[in-house]
Amino acid sequence: MGIANDTLVLVTDGRKMLFLRNEGDSEYMKLVVEQKERRDDATDAELSTDAPGSMFQSGSAGRSSYEETDFHQLEEDRWVHEAADLVNKRALQNDFDELVIIAPPKALGELRPKLHKETEKRVILELDKEMTNQPLKEIEELIAGETEKEAPPEVLT
């Protein structure tokens with residue numbers, strides 16, 4: 001079992017996004033890369049310019065410093081939001097009827113609230129896995145395995 005012909009598949013994480021299209025059918029899936037983007041990691045110096053701040057503690061003579069912002073995580077979150085923007089634009093242009101999203105749990109958690117209602121209606125499968133660096137064959141096998149689990153059992157007469 002698999003996904004229908006022309007289904008869009010978004011595979012993303014905080015550094016890479018792939019838009020794949022099923023040019024096969026539900027029995028013989030054939031994913032083809034439509035769009036591929038990769039973010040280069042910025043250095044700490046490029047992402048932050050200041051040291052963490054500090055504040056006076058009430059009731060004590062000392063100072064406490066703020067936790068330093070994780071600029072790499074912020075950049076990864078921004079990248080996931082960009083993937084959501086791109087898939088939302090495609091949904092609003094009726095570029096696809098069905099969507100499969102594959103992303104690690106943290107990225108999926110960042111992505112979900114950014115999806116437009118039109119995009120949400122088209123999501124047929126979400127998989128919380130890191131697959132951006134895997135070959136297409138492995139992505140196809142993952143989707144096929146998950147859709148088999150969801151398919152109702154055949155009735156024998």
# chains A, B, ... in the order shown; residues from 1 in each chain; ligands from 1

$ residues_around --residues "Pro104 of chain A" --least-positions-apart "4" --cutoff "10 Å" --atoms "only C-alpha atoms" --output "PyMOL selection string"
chain A and resi 11-14+108-109+127-132

$ residues_around --residues "Val9 of chain A" --least-positions-apart "6" --cutoff "9 Å" --atoms "only C-alpha atoms" --output "tab-separated table (two decimals) with N, CA and C atoms, in the first residue's frame"
chain	number	residue	atom	x	y	z
A	18	LEU	N	12.78	18.98	1.62
A	18	LEU	CA	12.58	18.32	0.33
A	18	LEU	C	11.09	18.30	0.04
A	19	PHE	N	10.73	18.69	-1.17
A	19	PHE	CA	9.37	18.51	-1.65
A	19	PHE	C	9.43	17.40	-2.69
A	20	LEU	N	8.72	16.32	-2.41
A	20	LEU	CA	8.71	15.16	-3.29
A	20	LEU	C	7.29	14.99	-3.83
A	21	ARG	N	7.19	14.39	-5.01
A	21	ARG	CA	5.88	14.13	-5.60
A	21	ARG	C	5.81	12.66	-5.99
A	22	ASN	N	4.69	12.02	-5.70
A	22	ASN	CA	4.53	10.62	-6.09
A	22	ASN	C	4.08	10.58	-7.55
A	31	LEU	N	8.64	8.27	-5.79
A	31	LEU	CA	8.85	9.65	-5.36
A	31	LEU	C	9.92	10.31	-6.20
A	98	GLU	N	-3.32	15.96	-1.62
A	98	GLU	CA	-2.95	15.22	-0.42
A	98	GLU	C	-1.49	15.51	-0.08
A	99	LEU	N	-1.21	15.53	1.22
A	99	LEU	CA	0.11	15.88	1.71
A	99	LEU	C	0.56	14.89	2.77
A	100	VAL	N	1.80	14.46	2.66
A	100	VAL	CA	2.47	13.66	3.69
A	100	VAL	C	3.59	14.53	4.25
A	101	ILE	N	3.68	14.60	5.57
A	101	ILE	CA	4.75	15.38	6.22
A	101	ILE	C	5.62	14.42	7.02
A	102	ILE	N	6.93	14.51	6.79
A	102	ILE	CA	7.90	13.71	7.54
A	102	ILE	C	8.91	14.67	8.15

$ closest_residue --among "A:Leu10, A:Leu115, A:Ile139, A:Ile3" --to "Leu92 of chain A" --atoms "only C-alpha atoms"
A:Leu115

$ atom_distance --atom1 "atom CA of Lys114 of chain A" --atom2 "atom CA of Lys16 of chain A"
17.4 Å

$ atom_distance --atom1 "atom CA of Val87 of chain A" --atom2 "atom CA of Ile143 of chain A"
18.8 Å

$ residues_around --residues "Val80 of chain A" --least-positions-apart "3" --cutoff "8 Å" --atoms "only C-alpha atoms" --output "NGL selection string"
:A and (12-14 or 76-77 or 83-84 or 107 or 110-111)

$ write_last_selection --atoms "C-alpha atoms" --output "CSV table (one decimal), in the first residue's frame"
chain,number,residue,atom,x,y,z
A,12,THR,CA,12.1,18.6,6.5
A,13,ASP,CA,14.2,19.3,9.6
A,14,GLY,CA,16.0,22.4,10.8
A,76,GLU,CA,16.3,25.8,12.8
A,77,ASP,CA,12.8,26.8,14.0
A,83,ALA,CA,8.9,25.2,5.0
A,84,ALA,CA,5.4,25.7,6.4
A,107,ALA,CA,10.4,20.2,13.9
A,110,GLU,CA,7.1,23.8,15.2
A,111,LEU,CA,5.5,23.1,11.9

$ select_by_dssp --residues "segment 110-151 of chain A" --states "helix (DSSP H, G or I)" --output "list of chain:residue names"
A:Glu110, A:Leu111, A:Arg112, A:Pro113, A:Lys114, A:Lys117, A:Glu118, A:Thr119, A:Glu120, A:Lys121, A:Arg122, A:Leu136, A:Lys137, A:Glu138, A:Ile139, A:Glu140, A:Glu141, A:Leu142, A:Ile143, A:Ala144, A:Gly145, A:Glu146, A:Thr147, A:Glu148, A:Lys149, A:Glu150
